[in-house]
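A.B. asks: Got a structure for you, run_33.pdb, holding PDB, C-alpha atoms and all ligand atoms.
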ATOM      1  CA  MET Y   1     -27.181 -10.939  24.571
ATOM      2  CA  GLN Y   2     -25.920  -7.885  22.764
ATOM      3  CA  GLU Y   3     -22.363  -8.919  23.609
ATOM      4  CA  LYS Y   4     -22.916 -12.466  22.394
ATOM      5  CA  ASN Y   5     -24.162 -11.170  19.037
ATOM      6  CA  GLN Y   6     -21.164  -8.870  18.774
ATOM      7  CA  LYS Y   7     -18.810 -11.781  19.367
ATOM      8  CA  SER Y   8     -20.301 -13.927  16.642
ATOM      9  CA  ILE Y   9     -19.615 -11.349  13.944
ATOM     10  CA  LYS Y  10     -17.006 -12.569  11.468
ATOM     11  CA  LYS Y  11     -14.890 -10.403   9.240
ATOM     12  CA  VAL Y  12     -13.679 -10.533   5.682
ATOM     13  CA  VAL Y  13     -10.706  -8.203   5.356
ATOM     14  CA  ILE Y  14     -10.141  -6.450   2.032
ATOM     15  CA  LEU Y  15      -6.635  -5.108   1.506
ATOM     16  CA  GLY Y  16      -6.307  -2.491  -1.245
ATOM     17  CA  MET Y  17      -3.182  -2.399  -3.399
ATOM     18  CA  GLY Y  18      -4.399  -0.249  -6.310
ATOM     19  CA  GLY Y  19      -4.520  -1.494  -9.919
ATOM     20  CA  THR Y  20      -7.085  -1.069 -12.673
ATOM     21  CA  ILE Y  21      -9.833  -2.245 -10.331
ATOM     22  CA  ALA Y  22      -9.270   1.103  -8.567
ATOM     23  CA  GLY Y  23      -8.535   2.972 -11.802
ATOM     24  CA  LEU Y  24     -10.261   6.025 -13.280
ATOM     25  CA  ALA Y  25     -10.493   7.236 -16.875
ATOM     26  CA  GLU Y  26     -11.874  10.608 -18.031
ATOM     27  CA  ASN Y  27     -14.442   8.893 -20.178
ATOM     28  CA  THR Y  28     -16.713   5.977 -19.248
ATOM     29  CA  THR Y  29     -16.151   4.359 -22.654
ATOM     30  CA  ASP Y  30     -12.366   4.443 -22.328
ATOM     31  CA  ASN Y  31     -11.031   1.126 -21.065
ATOM     32  CA  VAL Y  32      -7.406   1.738 -21.887
ATOM     33  CA  ASN Y  33      -6.319   5.289 -21.031
ATOM     34  CA  TYR Y  34      -6.834   5.466 -17.316
ATOM     35  CA  GLN Y  35      -4.897   6.002 -14.127
ATOM     36  CA  ALA Y  36      -4.627   2.832 -12.052
ATOM     37  CA  GLY Y  37      -4.864   3.031  -8.262
ATOM     38  CA  GLN Y  38      -7.164   6.055  -7.789
ATOM     39  CA  VAL Y  39     -10.214   4.801  -5.872
ATOM     40  CA  SER Y  40      -9.755   3.796  -2.234
ATOM     41  CA  VAL Y  41     -10.525   0.210  -1.313
ATOM     42  CA  ALA Y  42     -13.218   1.496   1.083
ATOM     43  CA  ASP Y  43     -14.936   3.270  -1.837
ATOM     44  CA  LEU Y  44     -14.756   0.142  -3.994
ATOM     45  CA  LEU Y  45     -17.306  -1.436  -1.642
ATOM     46  CA  ALA Y  46     -19.980   0.863  -3.093
ATOM     47  CA  GLY Y  47     -19.777  -1.103  -6.359
ATOM     48  CA  LEU Y  48     -20.693  -4.390  -4.670
ATOM     49  CA  GLY Y  49     -24.406  -3.538  -4.562
ATOM     50  CA  ALA Y  50     -26.657  -2.988  -1.573
ATOM     51  CA  GLY Y  51     -28.226  -6.447  -1.809
ATOM     52  CA  PHE Y  52     -24.863  -8.177  -1.657
ATOM     53  CA  VAL Y  53     -23.679  -6.206   1.378
ATOM     54  CA  GLU Y  54     -27.055  -6.710   3.089
ATOM     55  CA  SER Y  55     -26.873 -10.479   2.627
ATOM     56  CA  LEU Y  56     -23.410 -10.447   4.229
ATOM     57  CA  GLN Y  57     -24.800  -8.457   7.160
ATOM     58  CA  ASN Y  58     -27.643 -10.939   7.520
ATOM     59  CA  ASN Y  59     -25.003 -13.651   7.801
ATOM     60  CA  LYS Y  60     -23.166 -11.574  10.440
ATOM     61  CA  ILE Y  61     -20.240 -10.877   8.160
ATOM     62  CA  GLU Y  62     -18.541  -7.516   8.290
ATOM     63  CA  LEU Y  63     -16.289  -6.196   5.529
ATOM     64  CA  VAL Y  64     -13.171  -4.477   6.874
ATOM     65  CA  THR Y  65     -10.975  -2.517   4.477
ATOM     66  CA  GLU Y  66      -7.360  -1.442   4.716
ATOM     67  CA  GLN Y  67      -5.337   0.439   2.109
ATOM     68  CA  VAL Y  68      -1.896  -1.174   2.019
ATOM     69  CA  ALA Y  69      -0.738   0.540  -1.180
ATOM     70  CA  GLN Y  70      -2.240   2.494  -4.058
ATOM     71  CA  LEU Y  71      -0.255   1.794  -7.198
ATOM     72  CA  ASP Y  72      -0.192   0.568 -10.742
ATOM     73  CA  SER Y  73       1.179  -2.918 -10.253
ATOM     74  CA  LYS Y  74       3.758  -2.395 -12.996
ATOM     75  CA  ASP Y  75       5.501  -0.388 -10.240
ATOM     76  CA  MET Y  76       5.312  -3.136  -7.619
ATOM     77  CA  SER Y  77       8.278  -2.993  -5.255
ATOM     78  CA  PHE Y  78       9.871  -5.164  -2.600
ATOM     79  CA  VAL Y  79       8.886  -2.636   0.087
ATOM     80  CA  VAL Y  80       5.227  -2.974  -0.869
ATOM     81  CA  TRP Y  81       5.494  -6.771  -0.860
ATOM     82  CA  GLN Y  82       6.992  -6.538   2.606
ATOM     83  CA  GLN Y  83       4.152  -4.304   3.848
ATOM     84  CA  LEU Y  84       1.574  -6.655   2.350
ATOM     85  CA  LEU Y  85       3.156  -9.722   3.931
ATOM     86  CA  GLN Y  86       3.292  -7.988   7.323
ATOM     87  CA  ARG Y  87      -0.422  -7.104   7.198
ATOM     88  CA  LEU Y  88      -1.354 -10.591   5.995
ATOM     89  CA  ASP Y  89       0.705 -12.145   8.750
ATOM     90  CA  PHE Y  90      -1.360 -10.130  11.223
ATOM     91  CA  TYR Y  91      -4.807 -10.914   9.795
ATOM     92  CA  ASN Y  92      -3.924 -14.564   9.112
ATOM     93  CA  THR Y  93      -3.847 -15.216  12.868
ATOM     94  CA  GLN Y  94      -6.985 -13.236  13.821
ATOM     95  CA  PRO Y  95      -9.691 -15.764  14.779
ATOM     96  CA  ASP Y  96     -12.561 -13.458  13.804
ATOM     97  CA  VAL Y  97     -11.227 -13.046  10.254
ATOM     98  CA  MET Y  98     -12.743 -15.651   7.922
ATOM     99  CA  GLY Y  99     -10.686 -14.752   4.898
ATOM    100  CA  ILE Y 100      -8.729 -12.030   3.175
ATOM    101  CA  VAL Y 101      -9.261 -10.413  -0.231
ATOM    102  CA  ILE Y 102      -6.507  -8.388  -1.898
ATOM    103  CA  THR Y 103      -7.431  -5.986  -4.700
ATOM    104  CA  HIS Y 104      -4.384  -5.792  -6.980
ATOM    105  CA  GLY Y 105      -3.319  -4.741 -10.458
ATOM    106  CA  THR Y 106      -3.207  -7.495 -13.048
ATOM    107  CA  ASP Y 107       0.247  -6.793 -14.462
ATOM    108  CA  THR Y 108       2.309  -8.303 -11.644
ATOM    109  CA  LEU Y 109      -0.513 -10.189  -9.948
ATOM    110  CA  GLU Y 110       1.031 -13.604 -10.597
ATOM    111  CA  GLU Y 111       4.314 -12.527  -9.004
ATOM    112  CA  THR Y 112       2.630 -11.224  -5.856
ATOM    113  CA  ALA Y 113       0.464 -14.350  -5.669
ATOM    114  CA  TYR Y 114       3.499 -16.614  -5.935
ATOM    115  CA  PHE Y 115       5.477 -14.522  -3.442
ATOM    116  CA  LEU Y 116       2.650 -14.924  -0.910
ATOM    117  CA  HIS Y 117       2.216 -18.621  -1.698
ATOM    118  CA  ARG Y 118       5.852 -19.166  -0.664
ATOM    119  CA  THR Y 119       5.849 -16.913   2.383
ATOM    120  CA  ILE Y 120       2.517 -17.176   4.169
ATOM    121  CA  SER Y 121       1.106 -20.373   5.567
ATOM    122  CA  ALA Y 122      -2.552 -19.554   5.024
ATOM    123  CA  ASN Y 123      -4.902 -20.362   7.914
ATOM    124  CA  LYS Y 124      -7.764 -19.063   5.824
ATOM    125  CA  PRO Y 125      -8.483 -18.195   2.180
ATOM    126  CA  ILE Y 126      -6.233 -15.447   0.806
ATOM    127  CA  VAL Y 127      -7.794 -14.292  -2.453
ATOM    128  CA  LEU Y 128      -6.240 -11.842  -4.862
ATOM    129  CA  THR Y 129      -8.578 -10.186  -7.301
ATOM    130  CA  CYS Y 130      -8.336  -7.536  -9.991
ATOM    131  CA  ALA Y 131     -10.017  -6.016 -13.032
ATOM    132  CA  MET Y 132      -9.277  -5.427 -16.685
ATOM    133  CA  ARG Y 133     -11.628  -2.423 -16.917
ATOM    134  CA  PRO Y 134     -11.255   0.651 -14.699
ATOM    135  CA  ALA Y 135     -13.784   1.457 -11.981
ATOM    136  CA  SER Y 136     -15.025   4.354 -14.135
ATOM    137  CA  ALA Y 137     -15.924   2.091 -17.093
ATOM    138  CA  MET Y 138     -19.496   1.782 -18.252
ATOM    139  CA  ASN Y 139     -19.225  -1.972 -17.622
ATOM    140  CA  PRO Y 140     -16.497  -2.480 -15.027
ATOM    141  CA  ASP Y 141     -15.533  -6.084 -14.263
ATOM    142  CA  GLY Y 142     -14.111  -5.238 -10.834
ATOM    143  CA  PRO Y 143     -17.351  -5.414  -8.799
ATOM    144  CA  GLN Y 144     -18.212  -8.968  -9.933
ATOM    145  CA  ASN Y 145     -14.619 -10.077  -9.366
ATOM    146  CA  MET Y 146     -14.748  -8.607  -5.849
ATOM    147  CA  ARG Y 147     -18.038 -10.341  -5.080
ATOM    148  CA  ASP Y 148     -16.567 -13.641  -6.287
ATOM    149  CA  ALA Y 149     -13.393 -13.065  -4.271
ATOM    150  CA  ILE Y 150     -15.430 -12.369  -1.114
ATOM    151  CA  LEU Y 151     -17.342 -15.590  -1.717
ATOM    152  CA  MET Y 152     -14.050 -17.494  -1.901
ATOM    153  CA  ALA Y 153     -12.767 -15.696   1.214
ATOM    154  CA  ARG Y 154     -15.749 -17.140   3.118
ATOM    155  CA  HIS Y 155     -15.035 -20.659   1.897
ATOM    156  CA  SER Y 156     -13.388 -22.064   4.994
ATOM    157  CA  SER Y 157     -11.738 -25.141   3.474
ATOM    158  CA  ALA Y 158      -9.751 -23.222   0.853
ATOM    159  CA  ASN Y 159      -6.795 -22.285   3.051
ATOM    160  CA  CYS Y 160      -4.430 -21.192   0.330
ATOM    161  CA  VAL Y 161      -3.415 -18.231  -1.822
ATOM    162  CA  MET Y 162      -5.637 -17.934  -4.903
ATOM    163  CA  VAL Y 163      -6.505 -15.537  -7.693
ATOM    164  CA  VAL Y 164     -10.116 -14.897  -8.702
ATOM    165  CA  CYS Y 165     -10.827 -13.250 -12.043
ATOM    166  CA  ASP Y 166     -13.698 -13.510 -14.525
ATOM    167  CA  GLY Y 167     -15.403 -16.362 -12.660
ATOM    168  CA  ALA Y 168     -12.267 -18.518 -12.478
ATOM    169  CA  VAL Y 169     -10.291 -19.496  -9.382
ATOM    170  CA  HIS Y 170      -6.584 -20.022 -10.081
ATOM    171  CA  SER Y 171      -3.878 -21.328  -7.783
ATOM    172  CA  ALA Y 172      -0.981 -18.992  -7.014
ATOM    173  CA  GLN Y 173       1.375 -21.630  -8.381
ATOM    174  CA  ASP Y 174      -0.303 -21.826 -11.797
ATOM    175  CA  VAL Y 175      -1.884 -18.446 -12.476
ATOM    176  CA  GLN Y 176      -0.547 -16.477 -15.419
ATOM    177  CA  LYS Y 177      -1.652 -13.338 -17.231
ATOM    178  CA  ASP Y 178      -2.116 -14.364 -20.862
ATOM    179  CA  HIS Y 179      -3.900 -11.413 -22.397
ATOM    180  CA  PRO Y 180      -3.377  -7.637 -22.199
ATOM    181  CA  TYR Y 181      -7.014  -6.634 -22.792
ATOM    182  CA  ARG Y 182      -9.690  -9.311 -22.398
ATOM    183  CA  THR Y 183     -11.545  -9.579 -19.105
ATOM    184  CA  ASN Y 184     -10.622 -13.295 -18.922
ATOM    185  CA  ALA Y 185      -6.954 -12.356 -18.964
ATOM    186  CA  PHE Y 186      -5.674 -15.212 -16.789
ATOM    187  CA  SER Y 187      -5.124 -18.936 -17.184
ATOM    188  CA  SER Y 188      -3.811 -21.702 -14.960
ATOM    189  CA  ARG Y 189      -1.360 -22.827 -17.668
ATOM    190  CA  ASP Y 190      -1.264 -26.642 -18.081
ATOM    191  CA  ASN Y 191      -3.102 -27.498 -14.889
ATOM    192  CA  GLY Y 192      -6.485 -25.882 -15.339
ATOM    193  CA  VAL Y 193      -8.476 -23.772 -12.913
ATOM    194  CA  LEU Y 194      -9.174 -24.813  -9.331
ATOM    195  CA  ALA Y 195     -12.844 -23.853  -9.557
ATOM    196  CA  TRP Y 196     -15.454 -21.823 -11.369
ATOM    197  CA  ILE Y 197     -17.743 -19.380  -9.623
ATOM    198  CA  GLU Y 198     -21.226 -19.352 -11.068
ATOM    199  CA  GLU Y 199     -24.099 -17.275  -9.657
ATOM    200  CA  GLY Y 200     -22.597 -17.254  -6.187
ATOM    201  CA  HIS Y 201     -21.759 -20.973  -6.213
ATOM    202  CA  ILE Y 202     -18.298 -22.514  -6.251
ATOM    203  CA  ARG Y 203     -17.885 -25.443  -8.641
ATOM    204  CA  GLN Y 204     -14.637 -26.984  -7.463
ATOM    205  CA  LEU Y 205     -12.610 -28.991  -9.992
ATOM    206  CA  ARG Y 206      -9.320 -29.629  -8.177
ATOM    207  CA  ALA Y 207      -8.223 -29.952  -4.548
ATOM    208  CA  TRP Y 208      -7.241 -26.683  -2.877
ATOM    209  CA  PRO Y 209      -3.429 -26.559  -2.962
ATOM    210  CA  ALA Y 210      -1.397 -27.214   0.180
ATOM    211  CA  SER Y 211       0.819 -24.465   1.529
ATOM    212  CA  GLN Y 212       4.350 -24.252   0.165
ATOM    213  CA  ALA Y 213       5.418 -21.555   2.601
ATOM    214  CA  ILE Y 214       8.457 -23.471   3.815
ATOM    215  CA  LEU Y 215      11.199 -20.904   3.191
ATOM    216  CA  TYR Y 216      10.996 -19.979   6.860
ATOM    217  CA  ARG Y 217      14.221 -18.004   7.134
ATOM    218  CA  ALA Y 218      13.329 -15.870   4.125
ATOM    219  CA  THR Y 219       9.833 -15.223   5.479
ATOM    220  CA  GLN Y 220      11.118 -14.285   8.914
ATOM    221  CA  LYS Y 221      13.730 -11.939   7.446
ATOM    222  CA  ILE Y 222      11.079 -10.121   5.428
ATOM    223  CA  LEU Y 223       8.680  -9.908   8.376
ATOM    224  CA  ASP Y 224      11.311  -8.690  10.820
ATOM    225  CA  ALA Y 225      13.238  -6.259   8.643
ATOM    226  CA  ASN Y 226      12.534  -2.577   8.266
ATOM    227  CA  SER Y 227      11.856  -1.018   4.875
ATOM    228  CA  HIS Y 228      15.606  -0.739   4.153
ATOM    229  CA  MET Y 229      15.995  -4.485   3.943
ATOM    230  CA  HIS Y 230      18.436  -5.655   1.287
ATOM    231  CA  TRP Y 231      16.737  -7.846  -1.315
ATOM    232  CA  PRO Y 232      18.969  -9.898  -3.621
ATOM    233  CA  ARG Y 233      19.165  -8.546  -7.167
ATOM    234  CA  VAL Y 234      17.994 -11.207  -9.627
ATOM    235  CA  GLU Y 235      17.735 -10.136 -13.272
ATOM    236  CA  MET Y 236      16.034 -11.881 -16.183
ATOM    237  CA  VAL Y 237      17.519 -12.717 -19.586
ATOM    238  CA  MET Y 238      16.323 -14.764 -22.529
ATOM    239  CA  ASN Y 239      17.605 -16.818 -25.425
ATOM    240  CA  TYR Y 240      16.422 -15.864 -28.928
ATOM    241  CA  ALA Y 241      17.594 -15.968 -32.543
ATOM    242  CA  ALA Y 242      21.029 -14.394 -32.866
ATOM    243  CA  CYS Y 243      21.489 -14.100 -29.088
ATOM    244  CA  ASP Y 244      25.167 -13.384 -28.467
ATOM    245  CA  GLY Y 245      25.029 -13.075 -24.681
ATOM    246  CA  ALA Y 246      25.789  -9.345 -24.773
ATOM    247  CA  VAL Y 247      23.106  -8.579 -22.166
ATOM    248  CA  VAL Y 248      24.667 -10.934 -19.621
ATOM    249  CA  GLN Y 249      28.111  -9.595 -20.515
ATOM    250  CA  ALA Y 250      26.878  -6.041 -19.861
ATOM    251  CA  LEU Y 251      25.297  -7.057 -16.557
ATOM    252  CA  LEU Y 252      28.539  -8.645 -15.386
ATOM    253  CA  ALA Y 253      30.538  -5.608 -16.492
ATOM    254  CA  GLN Y 254      28.288  -3.321 -14.413
ATOM    255  CA  LYS Y 255      29.705  -4.814 -11.221
ATOM    256  CA  MET Y 256      26.286  -4.359  -9.678
ATOM    257  CA  ASP Y 257      25.420  -6.463  -6.718
ATOM    258  CA  LEU Y 258      24.043  -9.265  -8.900
ATOM    259  CA  ALA Y 259      23.000 -12.326  -6.894
ATOM    260  CA  GLY Y 260      21.155 -14.300  -9.552
ATOM    261  CA  LEU Y 261      20.034 -14.568 -13.141
ATOM    262  CA  ILE Y 262      16.941 -16.231 -14.472
ATOM    263  CA  VAL Y 263      17.331 -17.327 -18.051
ATOM    264  CA  ALA Y 264      14.362 -18.220 -20.205
ATOM    265  CA  GLY Y 265      15.769 -20.723 -22.641
ATOM    266  CA  THR Y 266      14.258 -21.457 -26.019
ATOM    267  CA  GLY Y 267      12.027 -24.541 -26.095
ATOM    268  CA  ASN Y 268      13.161 -27.067 -23.531
ATOM    269  CA  GLY Y 269      15.608 -24.611 -21.959
ATOM    270  CA  THR Y 270      18.134 -24.478 -24.793
ATOM    271  CA  LEU Y 271      20.711 -21.669 -24.959
ATOM    272  CA  SER Y 272      22.912 -20.334 -27.733
ATOM    273  CA  ASN Y 273      26.594 -21.203 -27.295
ATOM    274  CA  ASP Y 274      27.466 -17.539 -26.802
ATOM    275  CA  LEU Y 275      24.812 -17.034 -24.126
ATOM    276  CA  ALA Y 276      25.865 -20.247 -22.355
ATOM    277  CA  LEU Y 277      29.455 -18.979 -22.308
ATOM    278  CA  GLN Y 278      28.430 -15.767 -20.546
ATOM    279  CA  LEU Y 279      26.223 -17.635 -18.088
ATOM    280  CA  ASP Y 280      29.107 -19.967 -17.219
ATOM    281  CA  LEU Y 281      31.169 -16.882 -16.512
ATOM    282  CA  ALA Y 282      28.422 -15.603 -14.219
ATOM    283  CA  ILE Y 283      28.438 -18.897 -12.295
ATOM    284  CA  THR Y 284      32.208 -18.657 -11.763
ATOM    285  CA  GLN Y 285      31.553 -15.237 -10.187
ATOM    286  CA  GLY Y 286      29.174 -16.814  -7.656
ATOM    287  CA  ILE Y 287      25.982 -15.709  -9.394
ATOM    288  CA  ARG Y 288      23.187 -18.270  -9.231
ATOM    289  CA  VAL Y 289      21.663 -19.077 -12.605
ATOM    290  CA  GLY Y 290      18.109 -20.419 -12.755
ATOM    291  CA  LEU Y 291      16.875 -21.926 -16.010
ATOM    292  CA  CYS Y 292      13.314 -22.110 -17.263
ATOM    293  CA  SER Y 293      11.614 -22.134 -20.660
ATOM    294  CA  ARG Y 294      10.380 -19.107 -22.551
ATOM    295  CA  CYS Y 295       7.396 -21.177 -23.795
ATOM    296  CA  ALA Y 296       4.041 -19.958 -22.495
ATOM    297  CA  LEU Y 297       3.149 -23.425 -21.208
ATOM    298  CA  GLY Y 298       5.018 -26.361 -19.717
ATOM    299  CA  GLN Y 299       8.414 -26.482 -18.062
ATOM    300  CA  VAL Y 300      11.937 -27.727 -18.793
ATOM    301  CA  VAL Y 301      11.884 -31.537 -18.912
ATOM    302  CA  GLY Y 302      14.855 -33.920 -18.380
ATOM    303  CA  HIS Y 303      17.641 -31.445 -17.902
ATOM    304  CA  GLN Y 304      20.893 -33.478 -17.864
ATOM    305  CA  LYS Y 305      22.584 -31.148 -20.357
ATOM    306  CA  GLN Y 306      21.832 -28.079 -18.281
ATOM    307  CA  ALA Y 307      23.158 -29.627 -15.090
ATOM    308  CA  GLU Y 308      25.248 -26.549 -14.275
ATOM    309  CA  TYR Y 309      22.097 -24.424 -14.067
ATOM    310  CA  GLU Y 310      19.344 -24.686 -11.507
ATOM    311  CA  VAL Y 311      16.276 -25.752 -13.458
ATOM    312  CA  ILE Y 312      13.224 -24.026 -11.982
ATOM    313  CA  GLU Y 313       9.948 -25.639 -12.953
ATOM    314  CA  LEU Y 314       7.979 -22.427 -13.051
ATOM    315  CA  SER Y 315       7.126 -19.668 -15.504
ATOM    316  CA  PHE Y 316       9.814 -17.067 -16.283
ATOM    317  CA  THR Y 317       8.373 -14.432 -13.915
ATOM    318  CA  LYS Y 318       7.715 -16.806 -11.020
ATOM    319  CA  ALA Y 319      11.150 -18.418 -11.373
ATOM    320  CA  ARG Y 320      12.658 -15.047 -10.483
ATOM    321  CA  VAL Y 321      10.522 -14.723  -7.343
ATOM    322  CA  GLU Y 322      11.514 -18.257  -6.376
ATOM    323  CA  LEU Y 323      15.238 -17.580  -6.787
ATOM    324  CA  ILE Y 324      15.004 -14.330  -4.797
ATOM    325  CA  LEU Y 325      13.323 -16.192  -1.938
ATOM    326  CA  GLN Y 326      15.780 -19.090  -2.092
ATOM    327  CA  ILE Y 327      18.715 -16.689  -1.899
ATOM    328  CA  LEU Y 328      17.103 -14.916   1.070
ATOM    329  CA  ASN Y 329      16.526 -18.268   2.687
ATOM    330  CA  ALA Y 330      20.164 -19.435   2.336
TER     331      ALA Y 330
HETATM  332  N1  LIG M   1      -1.379  -1.587 -15.057
HETATM  333  C1  LIG M   1      -2.447  -2.081 -14.233
HETATM  334  C2  LIG M   1      -1.871  -2.688 -12.974
HETATM  335  O1  LIG M   1      -1.338  -3.778 -13.063
HETATM  336  C3  LIG M   1      -3.206  -3.072 -14.963
HETATM  337  C4  LIG M   1      -4.285  -3.720 -14.154
HETATM  338  O2  LIG M   1      -4.460  -3.504 -12.997
HETATM  339  O3  LIG M   1      -4.984  -4.463 -14.773
HETATM  340  O4  LIG M   1      -2.006  -2.133 -11.901
END
For this file, produce the structure as structure tokens.
Ligand code: ASP
C.D. replies:
Amino acid sequence: MQEKNQKSIKKVVILGMGGTIAGLAENTTDNVNYQAGQVSVADLLAGLGAGFVESLQNNKIELVTEQVAQLDSKDMSFVVWQQLLQRLDFYNTQPDVMGIVITHGTDTLEETAYFLHRTISANKPIVLTCAMRPASAMNPDGPQNMRDAILMARHSSANCVMVVCDGAVHSAQDVQKDHPYRTNAFSSRDNGVLAWIEEGHIRQLRAWPASQAILYRATQKILDANSHMHWPRVEMVMNYAACDGAVVQALLAQKMDLAGLIVAGTGNGTLSNDLALQLDLAITQGIRVGLCSRCALGQVVGHQKQAEYEVIELSFTKARVELILQILNA
């Protein structure tokens, strides 16, 4: 009997990556000057509240924590992405794991979410969450975000990579950090949120997205490689008033191992003549050039004139992740 009970216990795994959610300031009223990535993911559980944890136990759900990294996500690296993917790949196939929560900094959250969306075929909910106020704040937002993320991780039909913040559920494809300070810092750009979480209930608005983890060679390379794996260098440039292409010129002159460039064009992907000239030069040197728009919303539409560039229908930051993965997949 004892053994049967043991077997029916399900787990929600919480992987800690650092961020403001694990941040500490000297003063409880200071929401800005703090050190991100200070509190261990195991200690973050204390903020969830005894009642919440007890109700999970009553439902035979155990919370399992693992510290994958402990950093300010402005310092996110390829090695950390690799470690995260390797741990997710493990837990994704464990039958007793209902879902996975990842506590992460907000600054590069959308890039990590998109990276995972393209590399892991989720068998269960994979939910990134975060905070805009440190754990030491008088009113931290992290505990509620974690409770909401755990709720999503138990929601068996949502087998995809998502972001939960401030009561909103965003898809990895759409999520974007829009604000540097407010607790509702994220949007889903043009498409709108997948769901709202209200008092422990999920009000779903859109279908859970299907997996787009089809860059199999890239995924396998990342999973199999050691930490010295070579990742393609893809840099980001932009068009703006009086842009003379000097940044691209300098990059080409560096003779660094440049594999790709993402260019955020003005408006519908337009480029100054001088910038276009430098980008054409880059293409002749075998550098892949991906084009997107610098506008906060939307994507480049009808791109006949930019036929020499690869139009990537994503935000500036995600377009870079996409090109890196495509180059790895080649
Ligand atoms: N700089 C922090 C980070 O991204 C900000 C945050 O977590 O909100 O880790």
A.B. asks: Skip stretch 158-165 of chain Y itself and residues of its chain fewer than 2 positions away, then list as a PyMOL selection string all residues within 6 Å of it, counting only C-alpha atoms.
C.D. replies: chain Y and resi 117+122-129+145+149+155-156+167-172+208
A.B. asks: Write out the residues from the selection above, keeping C-alpha atoms, as a CSV table (one decimal), keeping the file's coordinate frame.
C.D. replies:
chain,number,residue,atom,x,y,z
Y,117,HIS,CA,2.2,-18.6,-1.7
Y,122,ALA,CA,-2.6,-19.6,5.0
Y,123,ASN,CA,-4.9,-20.4,7.9
Y,124,LYS,CA,-7.8,-19.1,5.8
Y,125,PRO,CA,-8.5,-18.2,2.2
Y,126,ILE,CA,-6.2,-15.4,0.8
Y,127,VAL,CA,-7.8,-14.3,-2.5
Y,128,LEU,CA,-6.2,-11.8,-4.9
Y,129,THR,CA,-8.6,-10.2,-7.3
Y,145,ASN,CA,-14.6,-10.1,-9.4
Y,149,ALA,CA,-13.4,-13.1,-4.3
Y,155,HIS,CA,-15.0,-20.7,1.9
Y,156,SER,CA,-13.4,-22.1,5.0
Y,167,GLY,CA,-15.4,-16.4,-12.7
Y,168,ALA,CA,-12.3,-18.5,-12.5
Y,169,VAL,CA,-10.3,-19.5,-9.4
Y,170,HIS,CA,-6.6,-20.0,-10.1
Y,171,SER,CA,-3.9,-21.3,-7.8
Y,172,ALA,CA,-1.0,-19.0,-7.0
Y,208,TRP,CA,-7.2,-26.7,-2.9
A.B. asks: List as a PyMOL selection string the protein and nucleic acid residues near Y:Leu24, meaning an atom at most 6 Å away when all atoms listed in the file are counted, but skip any in the same chain fewer than 3 places from it.
C.D. replies: chain Y and resi 34-35+134-136
A.B. asks: Could you check the closest approach to Y:Gln38 for each of Y:Glu62, Y:Leu205, Y:Gly105, Y:Asp96 and tell me which residue wins, using all atoms listed in the file?
C.D. replies: Y:Gly105
A.B. asks: Residues picked by the PyMOL selection byres (((chain Y and resi 118) around 8) and not hetatm) here, as a ChimeraX atom specification?
C.D. replies: /Y:114-117,119-121,211-215
A.B. asks: Provide the atom CA of Y:Ser187 to atom CA of Y:Val175 distance in Å, to one decimal place.
C.D. replies: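 Going from atom CA of Y:Ser187 over to atom CA of Y:Val175 covers 5.7 Å.
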A.B. asks: Can you list, as number ranges by chain, the residues that the PyMOL selection byres (((chain Y and resi 99) around 6) and not hetatm) selects here?
C.D. replies: Y: 12, 97-98, 100, 124-125, 153-154
A.B. asks: I want to know what sits within 10 Å of stretch 50-57 of chain Y, based on only C-alpha atoms, with residues of the same chain fewer than 5 positions away left out; could you give that as a list in words?
C.D. replies: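 The contact residues come out as Ile9, Lys10, Lys11, Val12, Leu45, Glu62, Leu63, Arg147, Ile150 and Leu151 of chain Y.
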A.B. asks: Atom CA of Y:Ser40 to atom CA of Y:Lys60: how many Å, to one decimal?
C.D. replies: 24.0 Å
A.B. asks: Atom CA of Y:Val248 and atom CA of Y:Glu111, how far apart in Å?
C.D. replies: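 Between atom CA of Y:Glu111 and atom CA of Y:Val248 the gap is 23.0 Å.
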A.B. asks: Could you list the residues chosen by the PyMOL selection byres (((chain Y and resi 287) around 7) and not hetatm) in this structure as a ChimeraX atom specification?
C.D. replies: /Y:258-260,282-283,285-286,288-289
